[in-house]
Amino acid sequence: MKLHQYSVYIIANQSNTVLYIGVTNDVKNRVSEHKLKIFKGFTATYNCNKLVYIEDFQWIQDAIARAKQLKAGSRQKKIDLIITENPLWKDLSDGWYD
């Protein structure tokens, strides 16, 4: 039986003033798409390409529910979550594409 993995992620712009929450089953590819601005949407417009938070799930329903929970929360709750896991707001994808 294949084990599935889904990720909820938050990406930010370089100054950490804009946050975007997404869900994917291939976080490395999806972050690459954000960095390369493959899709001309919100993240391309606001230059969001720095992965600052990631949370993994086995079931897509759980990942979607978590993303909705995060999106419904205040900006401060999102910032607090990021600071708890990544206090320096480093790009967690650094080194993925070397």
# chains A, B, ... in the order shown; residues from 1 in each chain; ligands from 1

$ residues_around --residues "A:Tyr97" --least-positions-apart "5" --cutoff "12 Å" --atoms "only C-alpha atoms" --output "ChimeraX atom specification"
/A:28-29,31-33,35-36,92

$ residues_around --residues "A:Leu3" --least-positions-apart "4" --cutoff "12 Å" --atoms "only C-alpha atoms" --output "PDB file with all heavy atoms, in the first residue's frame"
ATOM      1  N   ASN A  25       0.338  17.840  -2.869  1.00  0.00           N
ATOM      2  CA  ASN A  25       0.853  16.496  -2.634  1.00  0.00           C
ATOM      3  C   ASN A  25       2.310  16.391  -3.095  1.00  0.00           C
ATOM      4  O   ASN A  25       2.901  15.322  -3.039  1.00  0.00           O
ATOM      5  CB  ASN A  25      -0.010  15.441  -3.328  1.00  0.00           C
ATOM      6  CG  ASN A  25       0.071  15.525  -4.831  1.00  0.00           C
ATOM      7  OD1 ASN A  25       0.449  16.554  -5.389  1.00  0.00           O
ATOM      8  ND2 ASN A  25      -0.300  14.454  -5.497  1.00  0.00           N
ATOM      9  N   PHE A  57       0.620  15.731   6.226  1.00  0.00           N
ATOM     10  CA  PHE A  57      -0.537  14.912   6.579  1.00  0.00           C
ATOM     11  C   PHE A  57      -0.575  13.679   5.693  1.00  0.00           C
ATOM     12  O   PHE A  57      -0.135  13.717   4.545  1.00  0.00           O
ATOM     13  CB  PHE A  57      -1.841  15.702   6.362  1.00  0.00           C
ATOM     14  CG  PHE A  57      -1.956  16.904   7.245  1.00  0.00           C
ATOM     15  CD1 PHE A  57      -1.403  18.109   6.857  1.00  0.00           C
ATOM     16  CD2 PHE A  57      -2.602  16.823   8.463  1.00  0.00           C
ATOM     17  CE1 PHE A  57      -1.487  19.233   7.674  1.00  0.00           C
ATOM     18  CE2 PHE A  57      -2.695  17.931   9.283  1.00  0.00           C
ATOM     19  CZ  PHE A  57      -2.136  19.136   8.889  1.00  0.00           C
ATOM     20  N   GLN A  58      -1.141  12.606   6.201  1.00  0.00           N
ATOM     21  CA  GLN A  58      -1.313  11.395   5.399  1.00  0.00           C
ATOM     22  C   GLN A  58      -2.571  11.478   4.547  1.00  0.00           C
ATOM     23  O   GLN A  58      -2.621  10.927   3.453  1.00  0.00           O
ATOM     24  CB  GLN A  58      -1.380  10.156   6.286  1.00  0.00           C
ATOM     25  CG  GLN A  58      -1.522   8.872   5.483  1.00  0.00           C
ATOM     26  CD  GLN A  58      -1.499   7.626   6.348  1.00  0.00           C
ATOM     27  OE1 GLN A  58      -1.353   7.691   7.557  1.00  0.00           O
ATOM     28  NE2 GLN A  58      -1.651   6.478   5.707  1.00  0.00           N
ATOM     29  N   TRP A  59      -3.591  12.162   5.031  1.00  0.00           N
ATOM     30  CA  TRP A  59      -4.879  12.200   4.346  1.00  0.00           C
ATOM     31  C   TRP A  59      -5.176  13.598   3.836  1.00  0.00           C
ATOM     32  O   TRP A  59      -5.043  14.583   4.561  1.00  0.00           O
ATOM     33  CB  TRP A  59      -5.996  11.736   5.280  1.00  0.00           C
ATOM     34  CG  TRP A  59      -5.707  10.405   5.895  1.00  0.00           C
ATOM     35  CD1 TRP A  59      -5.378  10.151   7.200  1.00  0.00           C
ATOM     36  CD2 TRP A  59      -5.666   9.138   5.229  1.00  0.00           C
ATOM     37  NE1 TRP A  59      -5.149   8.817   7.391  1.00  0.00           N
ATOM     38  CE2 TRP A  59      -5.321   8.164   6.187  1.00  0.00           C
ATOM     39  CE3 TRP A  59      -5.894   8.735   3.926  1.00  0.00           C
ATOM     40  CZ2 TRP A  59      -5.190   6.822   5.876  1.00  0.00           C
ATOM     41  CZ3 TRP A  59      -5.767   7.385   3.608  1.00  0.00           C
ATOM     42  CH2 TRP A  59      -5.418   6.455   4.581  1.00  0.00           C
ATOM     43  N   ILE A  60      -5.612  13.685   2.588  1.00  0.00           N
ATOM     44  CA  ILE A  60      -5.904  14.971   1.954  1.00  0.00           C
ATOM     45  C   ILE A  60      -6.992  15.731   2.707  1.00  0.00           C
ATOM     46  O   ILE A  60      -6.919  16.956   2.839  1.00  0.00           O
ATOM     47  CB  ILE A  60      -6.258  14.808   0.451  1.00  0.00           C
ATOM     48  CG1 ILE A  60      -6.395  16.167  -0.230  1.00  0.00           C
ATOM     49  CG2 ILE A  60      -7.526  13.992   0.271  1.00  0.00           C
ATOM     50  CD1 ILE A  60      -5.135  16.988  -0.291  1.00  0.00           C
TER      51      ILE A  60
END

$ residues_around --residues "A:Ile54" --least-positions-apart "6" --cutoff "10 Å" --atoms "only C-alpha atoms" --output "list in words"
Ser7, Val8, Tyr9, Ile10, Ile11, Ile21, Gly22, Val23, Val27, Ile82, Glu85, Asn86 and Leu92 of chain A

$ write_last_selection --atoms "C-alpha atoms" --output "tab-separated table (two decimals), in the first residue's frame"
chain	number	residue	atom	x	y	z
A	7	SER	CA	1.45	19.26	2.84
A	8	VAL	CA	-0.02	22.49	4.06
A	9	TYR	CA	2.48	25.25	3.50
A	10	ILE	CA	2.88	28.96	4.01
A	11	ILE	CA	4.99	31.03	1.70
A	21	ILE	CA	-1.40	29.25	2.45
A	22	GLY	CA	-1.58	26.28	0.11
A	23	VAL	CA	-2.08	22.51	0.01
A	27	VAL	CA	5.62	20.41	-1.93
A	82	ILE	CA	5.57	30.50	11.86
A	85	GLU	CA	8.51	26.56	14.04
A	86	ASN	CA	10.78	28.96	12.13
A	92	LEU	CA	12.83	26.15	4.39

$ atom_distance --atom1 "atom CA of A:Tyr46" --atom2 "atom CA of A:Asn16"
10.8 Å

$ residues_around --residues "A:Ser15" --least-positions-apart "5" --cutoff "10 Å" --atoms "only C-alpha atoms" --output "number ranges by chain"
A: 47-48, 50, 89

$ write_last_selection --atoms "C-alpha atoms" --output "short mmCIF file (atom, residue, chain, number, x, y, z; two decimals), in the first residue's frame"
data_model
loop_
_atom_site.label_atom_id
_atom_site.label_comp_id
_atom_site.auth_asym_id
_atom_site.auth_seq_id
_atom_site.Cartn_x
_atom_site.Cartn_y
_atom_site.Cartn_z
CA ASN A 47 6.38 37.90 -5.06
CA CYS A 48 5.66 35.16 -2.53
CA LYS A 50 9.88 31.93 0.47
CA TRP A 89 11.71 33.14 8.92
#

$ select_by_dssp --residues "chain A" --states "alpha helix (DSSP H)" --output "count of residues only"
37

$ atom_distance --atom1 "atom CA of A:Lys71" --atom2 "atom CA of A:Lys40"
20.9 Å

$ select_by_dssp --residues "chain A" --states "strand (DSSP E or B)" --output "list in words"
Tyr6, Ser7, Val8, Tyr9, Ile10, Ile11, Ala12, Leu19, Tyr20, Ile21, Gly22, Val23, Thr24, Lys50, Leu51, Val52, Tyr53, Ile54, Glu55, Asp56 and Phe57 of chain A

$ closest_residue --among "A:Ala44, A:Val52, A:His4, A:Lys68" --to "A:Pro87" --atoms "only C-alpha atoms"
A:Val52

$ atom_distance --atom1 "atom CA of A:Thr45" --atom2 "atom CA of A:Gln76"
22.5 Å

$ decode --residues "stretch 56-69 of chain A" --atoms "all heavy atoms" --output "JSON list (two decimals), in the first residue's frame"
[["chain", "number", "residue", "atom", "x", "y", "z"],
["A", 56, "ASP", "N", 2.85, 18.31, 7.41],
["A", 56, "ASP", "CA", 2.53, 17.16, 6.58],
["A", 56, "ASP", "C", 1.38, 16.33, 7.15],
["A", 56, "ASP", "O", 1.23, 16.22, 8.37],
["A", 56, "ASP", "CB", 3.76, 16.26, 6.41],
["A", 56, "ASP", "CG", 4.87, 16.95, 5.64],
["A", 56, "ASP", "OD1", 4.56, 17.68, 4.69],
["A", 56, "ASP", "OD2", 6.05, 16.75, 5.99],
["A", 57, "PHE", "N", 0.62, 15.73, 6.23],
["A", 57, "PHE", "CA", -0.54, 14.91, 6.58],
["A", 57, "PHE", "C", -0.57, 13.68, 5.69],
["A", 57, "PHE", "O", -0.13, 13.72, 4.54],
["A", 57, "PHE", "CB", -1.84, 15.70, 6.36],
["A", 57, "PHE", "CG", -1.96, 16.90, 7.25],
["A", 57, "PHE", "CD1", -1.40, 18.11, 6.86],
["A", 57, "PHE", "CD2", -2.60, 16.82, 8.46],
["A", 57, "PHE", "CE1", -1.49, 19.23, 7.67],
["A", 57, "PHE", "CE2", -2.70, 17.93, 9.28],
["A", 57, "PHE", "CZ", -2.14, 19.14, 8.89],
["A", 58, "GLN", "N", -1.14, 12.61, 6.20],
["A", 58, "GLN", "CA", -1.31, 11.40, 5.40],
["A", 58, "GLN", "C", -2.57, 11.48, 4.55],
["A", 58, "GLN", "O", -2.62, 10.93, 3.45],
["A", 58, "GLN", "CB", -1.38, 10.16, 6.29],
["A", 58, "GLN", "CG", -1.52, 8.87, 5.48],
["A", 58, "GLN", "CD", -1.50, 7.63, 6.35],
["A", 58, "GLN", "OE1", -1.35, 7.69, 7.56],
["A", 58, "GLN", "NE2", -1.65, 6.48, 5.71],
["A", 59, "TRP", "N", -3.59, 12.16, 5.03],
["A", 59, "TRP", "CA", -4.88, 12.20, 4.35],
["A", 59, "TRP", "C", -5.18, 13.60, 3.84],
["A", 59, "TRP", "O", -5.04, 14.58, 4.56],
["A", 59, "TRP", "CB", -6.00, 11.74, 5.28],
["A", 59, "TRP", "CG", -5.71, 10.40, 5.90],
["A", 59, "TRP", "CD1", -5.38, 10.15, 7.20],
["A", 59, "TRP", "CD2", -5.67, 9.14, 5.23],
["A", 59, "TRP", "NE1", -5.15, 8.82, 7.39],
["A", 59, "TRP", "CE2", -5.32, 8.16, 6.19],
["A", 59, "TRP", "CE3", -5.89, 8.73, 3.93],
["A", 59, "TRP", "CZ2", -5.19, 6.82, 5.88],
["A", 59, "TRP", "CZ3", -5.77, 7.38, 3.61],
["A", 59, "TRP", "CH2", -5.42, 6.46, 4.58],
["A", 60, "ILE", "N", -5.61, 13.68, 2.59],
["A", 60, "ILE", "CA", -5.90, 14.97, 1.95],
["A", 60, "ILE", "C", -6.99, 15.73, 2.71],
["A", 60, "ILE", "O", -6.92, 16.96, 2.84],
["A", 60, "ILE", "CB", -6.26, 14.81, 0.45],
["A", 60, "ILE", "CG1", -6.40, 16.17, -0.23],
["A", 60, "ILE", "CG2", -7.53, 13.99, 0.27],
["A", 60, "ILE", "CD1", -5.14, 16.99, -0.29],
["A", 61, "GLN", "N", -7.99, 15.01, 3.23],
["A", 61, "GLN", "CA", -9.07, 15.68, 3.97],
["A", 61, "GLN", "C", -8.51, 16.43, 5.18],
["A", 61, "GLN", "O", -8.96, 17.53, 5.50],
["A", 61, "GLN", "CB", -10.14, 14.68, 4.43],
["A", 61, "GLN", "CG", -10.83, 13.95, 3.32],
["A", 61, "GLN", "CD", -10.13, 12.63, 2.93],
["A", 61, "GLN", "OE1", -8.93, 12.46, 3.13],
["A", 61, "GLN", "NE2", -10.89, 11.72, 2.36],
["A", 62, "ASP", "N", -7.54, 15.83, 5.86],
["A", 62, "ASP", "CA", -6.94, 16.48, 7.02],
["A", 62, "ASP", "C", -6.14, 17.71, 6.61],
["A", 62, "ASP", "O", -6.17, 18.74, 7.29],
["A", 62, "ASP", "CB", -6.03, 15.50, 7.77],
["A", 62, "ASP", "CG", -6.80, 14.33, 8.38],
["A", 62, "ASP", "OD1", -8.02, 14.46, 8.60],
["A", 62, "ASP", "OD2", -6.17, 13.28, 8.61],
["A", 63, "ALA", "N", -5.44, 17.61, 5.50],
["A", 63, "ALA", "CA", -4.64, 18.74, 5.01],
["A", 63, "ALA", "C", -5.55, 19.90, 4.62],
["A", 63, "ALA", "O", -5.28, 21.06, 4.96],
["A", 63, "ALA", "CB", -3.77, 18.31, 3.84],
["A", 64, "ILE", "N", -6.61, 19.59, 3.91],
["A", 64, "ILE", "CA", -7.55, 20.65, 3.50],
["A", 64, "ILE", "C", -8.21, 21.30, 4.71],
["A", 64, "ILE", "O", -8.32, 22.53, 4.79],
["A", 64, "ILE", "CB", -8.60, 20.08, 2.53],
["A", 64, "ILE", "CG1", -7.93, 19.72, 1.19],
["A", 64, "ILE", "CG2", -9.74, 21.08, 2.32],
["A", 64, "ILE", "CD1", -8.82, 18.91, 0.26],
["A", 65, "ALA", "N", -8.60, 20.50, 5.69],
["A", 65, "ALA", "CA", -9.21, 21.03, 6.90],
["A", 65, "ALA", "C", -8.24, 21.95, 7.64],
["A", 65, "ALA", "O", -8.63, 23.02, 8.13],
["A", 65, "ALA", "CB", -9.69, 19.91, 7.81],
["A", 66, "ARG", "N", -6.98, 21.55, 7.71],
["A", 66, "ARG", "CA", -5.97, 22.37, 8.39],
["A", 66, "ARG", "C", -5.74, 23.68, 7.64],
["A", 66, "ARG", "O", -5.63, 24.75, 8.26],
["A", 66, "ARG", "CB", -4.66, 21.59, 8.53],
["A", 66, "ARG", "CG", -3.54, 22.35, 9.18],
["A", 66, "ARG", "CD", -3.87, 22.76, 10.62],
["A", 66, "ARG", "NE", -2.66, 23.27, 11.25],
["A", 66, "ARG", "CZ", -2.67, 24.16, 12.22],
["A", 66, "ARG", "NH1", -3.80, 24.62, 12.72],
["A", 66, "ARG", "NH2", -1.53, 24.59, 12.74],
["A", 67, "ALA", "N", -5.67, 23.62, 6.32],
["A", 67, "ALA", "CA", -5.48, 24.83, 5.53],
["A", 67, "ALA", "C", -6.64, 25.80, 5.75],
["A", 67, "ALA", "O", -6.44, 27.01, 5.92],
["A", 67, "ALA", "CB", -5.33, 24.50, 4.06],
["A", 68, "LYS", "N", -7.85, 25.28, 5.78],
["A", 68, "LYS", "CA", -9.03, 26.13, 6.02],
["A", 68, "LYS", "C", -8.97, 26.75, 7.41],
["A", 68, "LYS", "O", -9.32, 27.92, 7.60],
["A", 68, "LYS", "CB", -10.31, 25.32, 5.85],
["A", 68, "LYS", "CG", -10.63, 25.01, 4.40],
["A", 68, "LYS", "CD", -11.92, 24.22, 4.29],
["A", 68, "LYS", "CE", -12.25, 23.92, 2.83],
["A", 68, "LYS", "NZ", -13.51, 23.16, 2.70],
["A", 69, "GLN", "N", -8.52, 25.95, 8.38],
["A", 69, "GLN", "CA", -8.40, 26.46, 9.74],
["A", 69, "GLN", "C", -7.39, 27.61, 9.80],
["A", 69, "GLN", "O", -7.63, 28.64, 10.42],
["A", 69, "GLN", "CB", -7.96, 25.33, 10.67],
["A", 69, "GLN", "CG", -7.78, 25.74, 12.11],
["A", 69, "GLN", "CD", -7.19, 24.61, 12.94],
["A", 69, "GLN", "OE1", -6.31, 23.87, 12.49],
["A", 69, "GLN", "NE2", -7.69, 24.47, 14.16]]
